[in-house]
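Chemist: Okay, so here is my_file-v1.pdb, and as you'll see once you scroll down, it has PDB, C-alpha atoms.
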```
MODEL        1
ATOM      1  CA  ALA A   7      -0.469 -20.760   1.242
ATOM      2  CA  SER A   8      -1.751 -24.121   0.111
ATOM      3  CA  PRO A   9      -4.542 -24.087  -2.508
ATOM      4  CA  ALA A  10      -7.004 -25.094   0.245
ATOM      5  CA  ASP A  11      -5.940 -22.244   2.565
ATOM      6  CA  PHE A  12      -6.099 -19.795  -0.313
ATOM      7  CA  GLU A  13      -9.580 -20.986  -1.263
ATOM      8  CA  GLN A  14     -10.751 -20.481   2.330
ATOM      9  CA  ILE A  15      -9.413 -16.896   2.405
ATOM     10  CA  TRP A  16     -10.994 -16.228  -0.992
ATOM     11  CA  TYR A  17     -14.332 -17.645   0.199
ATOM     12  CA  PHE A  18     -14.294 -15.274   3.185
ATOM     13  CA  THR A  19     -13.339 -12.368   0.922
ATOM     14  CA  ARG A  20     -16.128 -13.135  -1.562
ATOM     15  CA  THR A  21     -18.849 -13.623   1.035
ATOM     16  CA  GLU A  22     -17.892 -11.013   3.661
ATOM     17  CA  LEU A  23     -16.022  -8.227   1.810
ATOM     18  CA  LEU A  24     -17.139  -8.185  -1.835
ATOM     19  CA  LEU A  25     -20.450  -6.566  -0.937
ATOM     20  CA  ARG A  26     -20.199  -3.405  -3.052
ATOM     21  CA  ASP A  27     -21.892  -3.173  -6.429
ATOM     22  CA  ASP A  28     -18.772  -1.905  -8.245
ATOM     23  CA  GLY A  29     -16.645  -5.046  -7.817
ATOM     24  CA  LEU A  30     -14.370  -3.610  -5.098
ATOM     25  CA  ALA A  31     -14.102  -4.848  -1.506
ATOM     26  CA  VAL A  32     -15.253  -3.077   1.663
ATOM     27  CA  TRP A  33     -12.247  -2.201   3.801
ATOM     28  CA  LYS A  34     -13.527  -2.427   7.369
ATOM     29  CA  TRP A  35     -14.728  -5.717   8.866
ATOM     30  CA  ASP A  36     -15.005  -5.917  12.648
ATOM     31  CA  PRO A  37     -15.517  -9.331  14.318
ATOM     32  CA  ASN A  38     -16.972  -7.662  17.432
ATOM     33  CA  ILE A  39     -19.913  -5.858  15.878
ATOM     34  CA  LYS A  40     -22.997  -6.864  13.894
ATOM     35  CA  PRO A  41     -23.194  -6.286  10.995
ATOM     36  CA  HIS A  42     -19.431  -6.851  10.749
ATOM     37  CA  VAL A  43     -18.868  -4.224   8.059
ATOM     38  CA  SER A  44     -18.644  -0.815   9.710
ATOM     39  CA  ASP A  45     -17.433   1.156   6.650
ATOM     40  CA  THR A  46     -18.384   0.177   3.114
ATOM     41  CA  ASN A  47     -15.813   2.367   1.321
ATOM     42  CA  ASN A  48     -13.070   0.413  -0.438
ATOM     43  CA  ALA A  49      -9.313   0.648   0.169
ATOM     44  CA  SER A  50      -7.623   0.674  -3.224
ATOM     45  CA  ASP A  51      -4.359  -0.895  -2.045
ATOM     46  CA  GLY A  52      -6.314  -3.769  -0.505
ATOM     47  CA  ASP A  53      -8.210  -4.296  -3.757
ATOM     48  CA  MET A  54      -4.969  -4.274  -5.723
ATOM     49  CA  LEU A  55      -3.452  -6.865  -3.366
ATOM     50  CA  ILE A  56      -6.544  -9.074  -3.700
ATOM     51  CA  ALA A  57      -6.394  -8.900  -7.515
ATOM     52  CA  TYR A  58      -2.627  -9.499  -7.456
ATOM     53  CA  ALA A  59      -2.957 -12.545  -5.154
ATOM     54  CA  LEU A  60      -5.750 -13.988  -7.312
ATOM     55  CA  ALA A  61      -3.643 -13.502 -10.459
ATOM     56  CA  LEU A  62      -0.599 -15.206  -8.887
ATOM     57  CA  ALA A  63      -2.710 -18.089  -7.524
ATOM     58  CA  GLY A  64      -4.611 -18.471 -10.782
ATOM     59  CA  THR A  65      -1.373 -18.661 -12.742
ATOM     60  CA  ALA A  66       0.369 -21.030 -10.311
ATOM     61  CA  TRP A  67      -2.552 -23.427  -9.915
ATOM     62  CA  LYS A  68      -4.133 -23.029 -13.370
ATOM     63  CA  ARG A  69      -7.386 -21.686 -11.948
ATOM     64  CA  GLU A  70      -9.235 -19.736 -14.641
ATOM     65  CA  ASP A  71     -11.860 -18.656 -12.083
ATOM     66  CA  TYR A  72      -9.183 -16.833 -10.041
ATOM     67  CA  ILE A  73      -7.805 -15.095 -13.124
ATOM     68  CA  LEU A  74     -11.299 -14.010 -14.150
ATOM     69  CA  ALA A  75     -11.997 -12.645 -10.641
ATOM     70  CA  ALA A  76      -8.631 -10.833 -10.694
ATOM     71  CA  SER A  77      -9.441  -9.266 -14.079
ATOM     72  CA  ARG A  78     -12.831  -8.055 -12.838
ATOM     73  CA  MET A  79     -11.233  -6.426  -9.826
ATOM     74  CA  ALA A  80      -8.456  -4.798 -11.863
ATOM     75  CA  GLN A  81     -11.132  -3.465 -14.237
ATOM     76  CA  ALA A  82     -13.106  -2.072 -11.272
ATOM     77  CA  LEU A  83      -9.979  -0.405  -9.845
ATOM     78  CA  LEU A  84      -9.302   1.191 -13.218
ATOM     79  CA  ALA A  85     -12.890   2.407 -13.540
ATOM     80  CA  GLU A  86     -13.347   3.656  -9.963
ATOM     81  CA  THR A  87      -9.981   4.660  -8.509
ATOM     82  CA  VAL A  88      -7.383   5.371 -11.242
ATOM     83  CA  VAL A  89      -7.907   9.004 -12.242
ATOM     84  CA  ARG A  90      -6.230  11.797 -14.196
ATOM     85  CA  SER A  91      -5.782  15.077 -12.354
ATOM     86  CA  ALA A  92      -3.644  18.092 -13.245
ATOM     87  CA  GLY A  93      -1.575  16.010 -15.639
ATOM     88  CA  HIS A  94      -0.953  13.148 -13.198
ATOM     89  CA  THR A  95      -2.424   9.646 -13.108
ATOM     90  CA  LEU A  96      -3.376   8.959  -9.484
ATOM     91  CA  LEU A  97      -4.727   6.106  -7.387
ATOM     92  CA  LEU A  98      -7.554   7.411  -5.221
ATOM     93  CA  PRO A  99      -7.318   5.715  -1.782
ATOM     94  CA  GLY A 100     -11.021   4.892  -1.961
ATOM     95  CA  SER A 101     -13.777   5.482  -4.471
ATOM     96  CA  GLU A 102     -15.562   7.889  -2.089
ATOM     97  CA  GLY A 103     -14.228  10.912  -0.250
ATOM     98  CA  PHE A 104     -10.911  11.805  -1.903
ATOM     99  CA  THR A 105     -11.581  13.718  -5.142
ATOM    100  CA  GLY A 106     -11.588  17.462  -5.761
ATOM    101  CA  THR A 107     -15.398  17.430  -5.603
ATOM    102  CA  ASP A 108     -15.354  15.471  -2.308
ATOM    103  CA  ARG A 109     -12.992  17.832  -0.452
ATOM    104  CA  ASP A 110     -11.554  21.338  -0.757
ATOM    105  CA  ASP A 111      -7.963  20.088  -0.836
ATOM    106  CA  GLY A 112      -8.720  17.105  -3.107
ATOM    107  CA  PRO A 113      -7.553  15.044  -4.755
ATOM    108  CA  VAL A 114      -5.940  13.427  -1.712
ATOM    109  CA  VAL A 115      -3.709  10.366  -2.142
ATOM    110  CA  ASN A 116      -1.841   7.969   0.111
ATOM    111  CA  PRO A 117       1.585   7.324  -1.452
ATOM    112  CA  SER A 118       1.872   3.944   0.318
ATOM    113  CA  TYR A 119      -1.075   2.627  -1.731
ATOM    114  CA  TRP A 120       1.050   2.372  -4.911
ATOM    115  CA  ILE A 121       2.032  -1.320  -4.995
ATOM    116  CA  TYR A 122       4.610  -1.053  -7.754
ATOM    117  CA  GLU A 123       5.139  -4.796  -8.272
ATOM    118  CA  ALA A 124       1.396  -5.362  -8.762
ATOM    119  CA  ILE A 125       0.753  -2.544 -11.257
ATOM    120  CA  PRO A 126       2.160  -4.397 -14.346
ATOM    121  CA  VAL A 127      -0.026  -7.371 -13.370
ATOM    122  CA  MET A 128      -3.060  -5.031 -13.251
ATOM    123  CA  ALA A 129      -2.099  -3.863 -16.758
ATOM    124  CA  ALA A 130      -2.078  -7.483 -17.965
ATOM    125  CA  LEU A 131      -5.489  -8.114 -16.341
ATOM    126  CA  ALA A 132      -7.175  -4.864 -17.439
ATOM    127  CA  PRO A 133      -5.150  -3.467 -20.343
ATOM    128  CA  SER A 134      -4.765   0.330 -20.317
ATOM    129  CA  ASP A 135      -1.903   2.796 -20.725
ATOM    130  CA  ALA A 136      -3.053   4.356 -17.436
ATOM    131  CA  TRP A 137      -1.258   1.689 -15.360
ATOM    132  CA  LYS A 138       2.240   2.488 -16.644
ATOM    133  CA  GLN A 139       1.474   6.154 -16.162
ATOM    134  CA  LEU A 140       0.285   5.423 -12.604
ATOM    135  CA  SER A 141       3.625   3.778 -11.770
ATOM    136  CA  GLU A 142       5.710   6.546 -13.297
ATOM    137  CA  ASP A 143       3.669   9.326 -11.714
ATOM    138  CA  GLY A 144       3.736   7.594  -8.324
ATOM    139  CA  VAL A 145       7.541   7.657  -8.292
ATOM    140  CA  ALA A 146       7.678  11.198  -9.718
ATOM    141  CA  LEU A 147       5.264  12.464  -7.047
ATOM    142  CA  LEU A 148       7.213  10.741  -4.253
ATOM    143  CA  LYS A 149      10.281  12.672  -5.368
ATOM    144  CA  THR A 150       8.365  15.932  -4.828
ATOM    145  CA  MET A 151       6.885  14.914  -1.432
ATOM    146  CA  GLN A 152       9.585  16.246   0.900
ATOM    147  CA  PHE A 153       7.805  17.624   3.939
ATOM    148  CA  GLY A 154       9.340  19.103   7.065
ATOM    149  CA  PRO A 155      12.950  18.909   8.261
ATOM    150  CA  ARG A 156      13.220  15.196   7.423
ATOM    151  CA  LYS A 157      11.940  15.635   3.847
ATOM    152  CA  LEU A 158       9.460  12.749   4.057
ATOM    153  CA  PRO A 159       6.123  12.075   2.376
ATOM    154  CA  ALA A 160       2.990  12.316   4.546
ATOM    155  CA  GLU A 161       0.542   9.434   4.878
ATOM    156  CA  TRP A 162      -2.191  11.561   3.269
ATOM    157  CA  VAL A 163      -1.175  14.136   0.674
ATOM    158  CA  SER A 164      -3.252  16.873  -0.943
ATOM    159  CA  LEU A 165      -2.540  17.420  -4.651
ATOM    160  CA  SER A 166      -4.866  20.369  -5.206
ATOM    161  CA  GLY A 167      -1.748  22.507  -5.756
ATOM    162  CA  GLN A 168       1.832  21.801  -4.774
ATOM    163  CA  PRO A 169       1.835  18.521  -2.796
ATOM    164  CA  GLN A 170       1.234  19.125   0.905
ATOM    165  CA  PRO A 171      -0.014  17.143   3.913
ATOM    166  CA  ALA A 172      -3.803  16.825   3.614
ATOM    167  CA  GLN A 173      -6.183  18.702   5.915
ATOM    168  CA  GLY A 174      -7.832  16.731   8.709
ATOM    169  CA  PHE A 175      -5.062  14.116   8.956
ATOM    170  CA  ASP A 176      -2.016  14.200  11.241
ATOM    171  CA  ALA A 177       1.006  15.441   9.281
ATOM    172  CA  GLU A 178       3.081  12.357   9.918
ATOM    173  CA  PHE A 179       5.102   9.592   8.366
ATOM    174  CA  ALA A 180       3.614   6.609  10.161
ATOM    175  CA  TYR A 181       2.495   3.000   9.828
ATOM    176  CA  ASN A 182       1.140   3.375   6.276
ATOM    177  CA  ALA A 183       4.229   5.095   4.939
ATOM    178  CA  ILE A 184       6.752   2.599   6.322
ATOM    179  CA  ARG A 185       5.773   0.281   3.439
ATOM    180  CA  ILE A 186       6.808   2.769   0.766
ATOM    181  CA  PRO A 187      10.516   1.793   0.471
ATOM    182  CA  LEU A 188       9.575  -1.916   0.535
ATOM    183  CA  TYR A 189       7.027  -1.484  -2.268
ATOM    184  CA  LEU A 190       9.531   0.554  -4.311
ATOM    185  CA  VAL A 191      12.281  -2.045  -3.983
ATOM    186  CA  ARG A 192       9.977  -5.027  -4.585
ATOM    187  CA  GLY A 193       8.681  -3.213  -7.665
ATOM    188  CA  GLY A 194      12.217  -2.768  -9.026
ATOM    189  CA  VAL A 195      12.417   0.983  -8.312
ATOM    190  CA  THR A 196      15.959   1.407  -6.968
ATOM    191  CA  ASP A 197      16.433   5.180  -7.297
ATOM    192  CA  LYS A 198      19.348   5.761  -4.935
ATOM    193  CA  ALA A 199      18.564   9.341  -3.936
ATOM    194  CA  LEU A 200      14.907   8.552  -3.226
ATOM    195  CA  LEU A 201      15.603   5.404  -1.192
ATOM    196  CA  THR A 202      18.398   7.065   0.784
ATOM    197  CA  ARG A 203      16.201  10.048   1.655
ATOM    198  CA  LEU A 204      13.366   7.797   2.812
ATOM    199  CA  GLN A 205      15.633   5.491   4.814
ATOM    200  CA  GLN A 206      17.454   8.319   6.586
ATOM    201  CA  GLY A 207      14.293  10.325   7.194
ATOM    202  CA  MET A 208      12.279   7.448   8.670
ATOM    203  CA  SER A 209      14.943   6.187  11.091
ATOM    204  CA  LYS A 210      16.130   6.988  14.598
ATOM    205  CA  ASP A 211      19.570   5.443  15.154
ATOM    206  CA  GLY A 212      18.921   3.136  12.206
ATOM    207  CA  VAL A 213      15.563   1.882  13.534
ATOM    208  CA  PRO A 214      12.315   2.821  11.740
ATOM    209  CA  ALA A 215      10.063   5.240  13.606
ATOM    210  CA  THR A 216       6.877   7.184  13.093
ATOM    211  CA  ILE A 217       7.776  10.827  12.502
ATOM    212  CA  ASP A 218       5.991  14.120  13.204
ATOM    213  CA  LEU A 219       6.615  15.873   9.889
ATOM    214  CA  THR A 220       6.230  19.409  11.237
ATOM    215  CA  THR A 221       8.956  19.106  13.878
ATOM    216  CA  GLY A 222      10.850  16.141  12.415
ATOM    217  CA  ARG A 223      10.684  14.442  15.827
ATOM    218  CA  PRO A 224      10.310  10.654  16.075
ATOM    219  CA  LYS A 225       7.014   9.722  17.794
ATOM    220  CA  THR A 226       7.199   5.935  18.180
ATOM    221  CA  VAL A 227      10.311   3.867  17.512
ATOM    222  CA  LEU A 228       9.437   0.538  15.851
ATOM    223  CA  PRO A 229      12.021  -2.131  16.720
ATOM    224  CA  ASP A 230      10.045  -5.228  15.560
ATOM    225  CA  PRO A 231      11.901  -7.273  12.913
ATOM    226  CA  GLY A 232       8.998  -6.605  10.514
ATOM    227  CA  TYR A 233       9.610  -2.846  10.592
ATOM    228  CA  ARG A 234      13.400  -3.147  10.719
ATOM    229  CA  ILE A 235      13.450  -5.347   7.631
ATOM    230  CA  VAL A 236      12.342  -2.374   5.516
ATOM    231  CA  ASN A 237      15.645  -0.649   6.303
ATOM    232  CA  ASP A 238      17.540  -3.943   5.977
ATOM    233  CA  VAL A 239      16.154  -4.546   2.470
ATOM    234  CA  VAL A 240      16.897  -0.958   1.418
ATOM    235  CA  ALA A 241      20.487  -1.260   2.732
ATOM    236  CA  CYS A 242      20.867  -4.493   0.767
ATOM    237  CA  VAL A 243      19.711  -2.781  -2.431
ATOM    238  CA  LEU A 244      21.730   0.417  -1.907
ATOM    239  CA  ASP A 245      25.076  -1.056  -0.920
ATOM    240  CA  GLY A 246      24.840  -4.840  -0.837
ATOM    241  CA  THR A 247      24.667  -5.079   2.970
ATOM    242  CA  LYS A 248      23.556  -8.607   3.897
ATOM    243  CA  LEU A 249      20.353  -8.917   5.924
ATOM    244  CA  PRO A 250      21.157  -9.480   9.620
ATOM    245  CA  GLY A 251      20.391 -12.895  11.101
ATOM    246  CA  SER A 252      17.565 -11.404  13.194
ATOM    247  CA  ALA A 253      15.734 -10.350  10.015
ATOM    248  CA  LEU A 254      15.886 -13.897   8.647
ATOM    249  CA  GLN A 255      14.255 -15.442  11.748
ATOM    250  CA  PHE A 256      10.512 -15.242  11.290
ATOM    251  CA  ALA A 257       8.204 -15.632  14.274
ATOM    252  CA  PRO A 258       4.573 -14.499  13.879
ATOM    253  CA  ALA A 259       3.940 -11.299  15.850
ATOM    254  CA  LEU A 260       1.387  -8.571  15.216
ATOM    255  CA  TYR A 261      -0.245  -8.933  11.806
ATOM    256  CA  TYR A 262       1.211  -5.831  10.160
ATOM    257  CA  PRO A 263       4.933  -6.108  10.993
ATOM    258  CA  SER A 264       4.704  -9.852  10.297
ATOM    259  CA  THR A 265       3.330  -9.113   6.819
ATOM    260  CA  LEU A 266       6.133  -6.627   6.172
ATOM    261  CA  GLN A 267       8.736  -9.153   7.301
ATOM    262  CA  LEU A 268       7.342 -11.853   5.003
ATOM    263  CA  LEU A 269       7.280  -9.391   2.079
ATOM    264  CA  GLY A 270      10.855  -8.370   2.914
ATOM    265  CA  LEU A 271      12.039 -11.992   3.076
ATOM    266  CA  ALA A 272      10.214 -12.864  -0.155
TER     267      ALA A 272
ENDMDL
END
```
Re-express the file's structure as structure tokens.

Modeler:
Amino acid sequence: ASPADFEQIWYFTRTELLLRDDGLAVWKWDPNIKPHVSDTNNASDGDMLIAYALALAGTAWKREDYILAASRMAQALLAETVVRSAGHTLLLPGSEGFTGTDRDDGPVVNPSYWIYEAIPVMAALAPSDAWKQLSEDGVALLKTMQFGPRKLPAEWVSLSGQPQPAQGFDAEFAYNAIRIPLYLVRGGVTDKALLTRLQQGMSKDGVPATIDLTTGRPKTVLPDPGYRIVNDVVACVLDGTKLPGSALQFAPALYYPSTLQLLGLA
């Protein structure tokens, strides 16, 4: 983005989303309702991406105000959402609703919320040993999350005992989880066994799909280039396979697969 575009996005974020008193952003803004915010809980991955973007922009364009805002947000994430539980350092998906006091099967985490490339930047912005621990424990936990015949993580995982799909959520590997291999690879985590298991488990004939974890059956096959690029990037890392031409052609489509494709290309 140009500095002007970035400033416009940041202005919207500041005025419309940074409405909580703890320095985190609300996650749900709906253009069709008034007031626009229909859920004031935060989404910790969104907050981490905001802080990460501000830190990158602040560094690139020498904007101290962006770096300061990024530091405040990283500090808030550390205070509100990075927690120790049963010997693990976890990222709560939101500050409300996911702890052991909030729910019987808590803490509940979403393994796709660990943005591995951003965590060292958070540690630079809000120094604490907890960040490194968060990264290491995220990867270690993923290795233990092998649910159903396809041995995949669930979107929402209870860690009250052995990891298991959380109550009240569909036991599936779906749109959230498709990011996991991309975040691992972008963050420099290239564990062959882990990436191979994820890639094989999440694919039907080589194409990413949402998966019912209980039966192992694919629910929706996702042929958009933005979803496919996750497998393309993993194949490149695992055995040097070049990205196909189709992955390199970017045409804006739905927001989410487009974002994944841009992250994959970057």

Chemist: Expressed in Å to a single decimal, how great is the separation between atom CA of A:Arg109 and atom CA of A:Asn48?

Modeler: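 Taking atom CA of A:Arg109 and atom CA of A:Asn48, their separation equals 17.4 Å.
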
Chemist: If we count only C-alpha atoms, what is near A:Pro113 at a cut-off of 8 Å, once residues fewer than 5 positions away on the same chain are taken out, given as an mmCIF file with C-alpha atoms, in the coordinates of the input?

Modeler:
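Ended up saving to result_37.cif:
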```
data_model
loop_
_atom_site.group_PDB
_atom_site.id
_atom_site.type_symbol
_atom_site.label_atom_id
_atom_site.label_comp_id
_atom_site.auth_asym_id
_atom_site.auth_seq_id
_atom_site.Cartn_x
_atom_site.Cartn_y
_atom_site.Cartn_z
ATOM 1 C CA SER A 91 -5.782 15.077 -12.354
ATOM 2 C CA LEU A 98 -7.554 7.411 -5.221
ATOM 3 C CA PHE A 104 -10.911 11.805 -1.903
ATOM 4 C CA THR A 105 -11.581 13.718 -5.142
ATOM 5 C CA GLY A 106 -11.588 17.462 -5.761
ATOM 6 C CA SER A 164 -3.252 16.873 -0.943
ATOM 7 C CA LEU A 165 -2.540 17.420 -4.651
ATOM 8 C CA SER A 166 -4.866 20.369 -5.206
#
```

Chemist: Which residues, named as in the file, does the PyMOL selection byres ((chain A and resi 222-230) around 8) pick out? Answer as a list of chain:residue names.

Modeler: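 Selected by the PyMOL selection byres ((chain A and resi 222-230) around 8) in this file: A:Gly154, A:Pro155, A:Arg156, A:Lys210, A:Val213, A:Pro214, A:Ala215, A:Thr216, A:Ile217, A:Asp218, A:Leu219, A:Thr220, A:Thr221, A:Pro231, A:Gly232, A:Tyr233, A:Arg234, A:Pro263.
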
Chemist: Rounded to one decimal, what separation in Å do you get between atom CA of A:Ala7 and atom CA of A:Glu123?

Modeler: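 We find that atom CA of A:Ala7 and atom CA of A:Glu123 lie 19.4 Å from each other.
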
Chemist: Output the residue selection produced by the PyMOL selection byres ((chain A and resi 182) around 12) on the file above, formatted as a PyMOL selection string.

Modeler: chain A and resi 51+99+115-120+159-162+178-181+183-189+215-217+233+262-263+266

Chemist: Using all atoms listed in the file, what residues lie at most 12 Å away from (-18.1, -8.8, -0.2) (file coordinates), given as a ChimeraX atom specification?

Modeler: /A:16-35,42-43,46-48,53

Chemist: If you count only C-alpha atoms, which residues fall within 9 Å of A:Leu131, apart from same-chain ones fewer than 3 positions away, as an mmCIF file with C-alpha atoms, keeping the file's coordinate frame?

Modeler:
```cif
data_model
loop_
_atom_site.group_PDB
_atom_site.id
_atom_site.type_symbol
_atom_site.label_atom_id
_atom_site.label_comp_id
_atom_site.auth_asym_id
_atom_site.auth_seq_id
_atom_site.Cartn_x
_atom_site.Cartn_y
_atom_site.Cartn_z
ATOM 1 C CA ALA A 57 -6.394 -8.900 -7.515
ATOM 2 C CA ALA A 61 -3.643 -13.502 -10.459
ATOM 3 C CA ILE A 73 -7.805 -15.095 -13.124
ATOM 4 C CA LEU A 74 -11.299 -14.010 -14.150
ATOM 5 C CA ALA A 76 -8.631 -10.833 -10.694
ATOM 6 C CA SER A 77 -9.441 -9.266 -14.079
ATOM 7 C CA ARG A 78 -12.831 -8.055 -12.838
ATOM 8 C CA MET A 79 -11.233 -6.426 -9.826
ATOM 9 C CA ALA A 80 -8.456 -4.798 -11.863
ATOM 10 C CA GLN A 81 -11.132 -3.465 -14.237
ATOM 11 C CA PRO A 126 2.160 -4.397 -14.346
ATOM 12 C CA VAL A 127 -0.026 -7.371 -13.370
ATOM 13 C CA MET A 128 -3.060 -5.031 -13.251
#
```

Chemist: Counting all atoms listed in the file, which of A:Gly207, A:Pro169, A:Gly212, A:Gly144 gets nearest to A:Asp111?

Modeler: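 Counting all atoms listed in the file, the residue closest to A:Asp111 is A:Pro169.
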
Chemist: Would you translate the PyMOL selection byres ((chain A and resi 190-205) around 8) into the concrete set of residues it matches in this file, as a ChimeraX atom specification?

Modeler: /A:121-124,149,157-158,186-189,206-209,237,239-240,243-244

Chemist: Can you spit out the residues from that selection as a PDB file, keeping the file's coordinate frame, using C-alpha atoms?

Modeler:
```pdb
ATOM      1  CA  ILE A 121       2.032  -1.320  -4.995  1.00  0.00           C
ATOM      2  CA  TYR A 122       4.610  -1.053  -7.754  1.00  0.00           C
ATOM      3  CA  GLU A 123       5.139  -4.796  -8.272  1.00  0.00           C
ATOM      4  CA  ALA A 124       1.396  -5.362  -8.762  1.00  0.00           C
ATOM      5  CA  LYS A 149      10.281  12.672  -5.368  1.00  0.00           C
ATOM      6  CA  LYS A 157      11.940  15.635   3.847  1.00  0.00           C
ATOM      7  CA  LEU A 158       9.460  12.749   4.057  1.00  0.00           C
ATOM      8  CA  ILE A 186       6.808   2.769   0.766  1.00  0.00           C
ATOM      9  CA  PRO A 187      10.516   1.793   0.471  1.00  0.00           C
ATOM     10  CA  LEU A 188       9.575  -1.916   0.535  1.00  0.00           C
ATOM     11  CA  TYR A 189       7.027  -1.484  -2.268  1.00  0.00           C
ATOM     12  CA  GLN A 206      17.454   8.319   6.586  1.00  0.00           C
ATOM     13  CA  GLY A 207      14.293  10.325   7.194  1.00  0.00           C
ATOM     14  CA  MET A 208      12.279   7.448   8.670  1.00  0.00           C
ATOM     15  CA  SER A 209      14.943   6.187  11.091  1.00  0.00           C
ATOM     16  CA  ASN A 237      15.645  -0.649   6.303  1.00  0.00           C
ATOM     17  CA  VAL A 239      16.154  -4.546   2.470  1.00  0.00           C
ATOM     18  CA  VAL A 240      16.897  -0.958   1.418  1.00  0.00           C
ATOM     19  CA  VAL A 243      19.711  -2.781  -2.431  1.00  0.00           C
ATOM     20  CA  LEU A 244      21.730   0.417  -1.907  1.00  0.00           C
TER      21      LEU A 244
END
```

Chemist: For each of A:Lys40, A:Gly112, A:Pro9, A:Leu269, take the minimum atom-to-atom distance to A:Lys68, counting all atoms listed in the file, then give the residue where this is smallest.

Modeler: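 Counting all atoms listed in the file, the residue closest to A:Lys68 is A:Pro9.
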
Chemist: What is the distance, in Å and to one decimal place, between atom CA of A:Pro171 and atom CA of A:Leu96?

Modeler: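 Separating atom CA of A:Pro171 from atom CA of A:Leu96 is a distance of 16.1 Å.
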
Chemist: Choose the residue, out of A:Val163, A:Ala172, A:Leu271, A:Leu83, that has the smallest atom-to-atom separation from A:Gln255; count only C-alpha atoms.

Modeler: A:Leu271

Chemist: Determine the nearest neighbour of A:Glu142 from the options A:Ala75, A:Val114, A:Gly174, A:Thr95, counting only C-alpha atoms.

Modeler: A:Thr95

Chemist: Around all the atoms of stretch 52-63 of chain A listed in the file, with 5 Å of room on each side, what axis-aligned box do you get, giving centre and edge lengths in Å to one decimal, as AutoDock Vina command-line options?

Modeler:
```
--center_x -4.4 --center_y -10.9 --center_z -5.5 --size_x 17.6 --size_y 24.3 --size_z 20.0
```

Chemist: Of the candidates A:Ala259, A:Thr87, A:Leu62, A:Asp110, which one gets nearest to A:Gln173 if we count only C-alpha atoms?

Modeler: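 Checking each of A:Ala259, A:Thr87, A:Leu62, A:Asp110 against A:Gln173, counting only C-alpha atoms, the winner is A:Asp110.
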
Chemist: From the set A:Gln170, A:Pro258, A:Gln267, A:Leu140, which residue has the shortest atom-to-atom contact distance to A:Asp238, counting all atoms listed in the file?

Modeler: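 With all atoms listed in the file as the atom set, the closest residue is A:Gln267.
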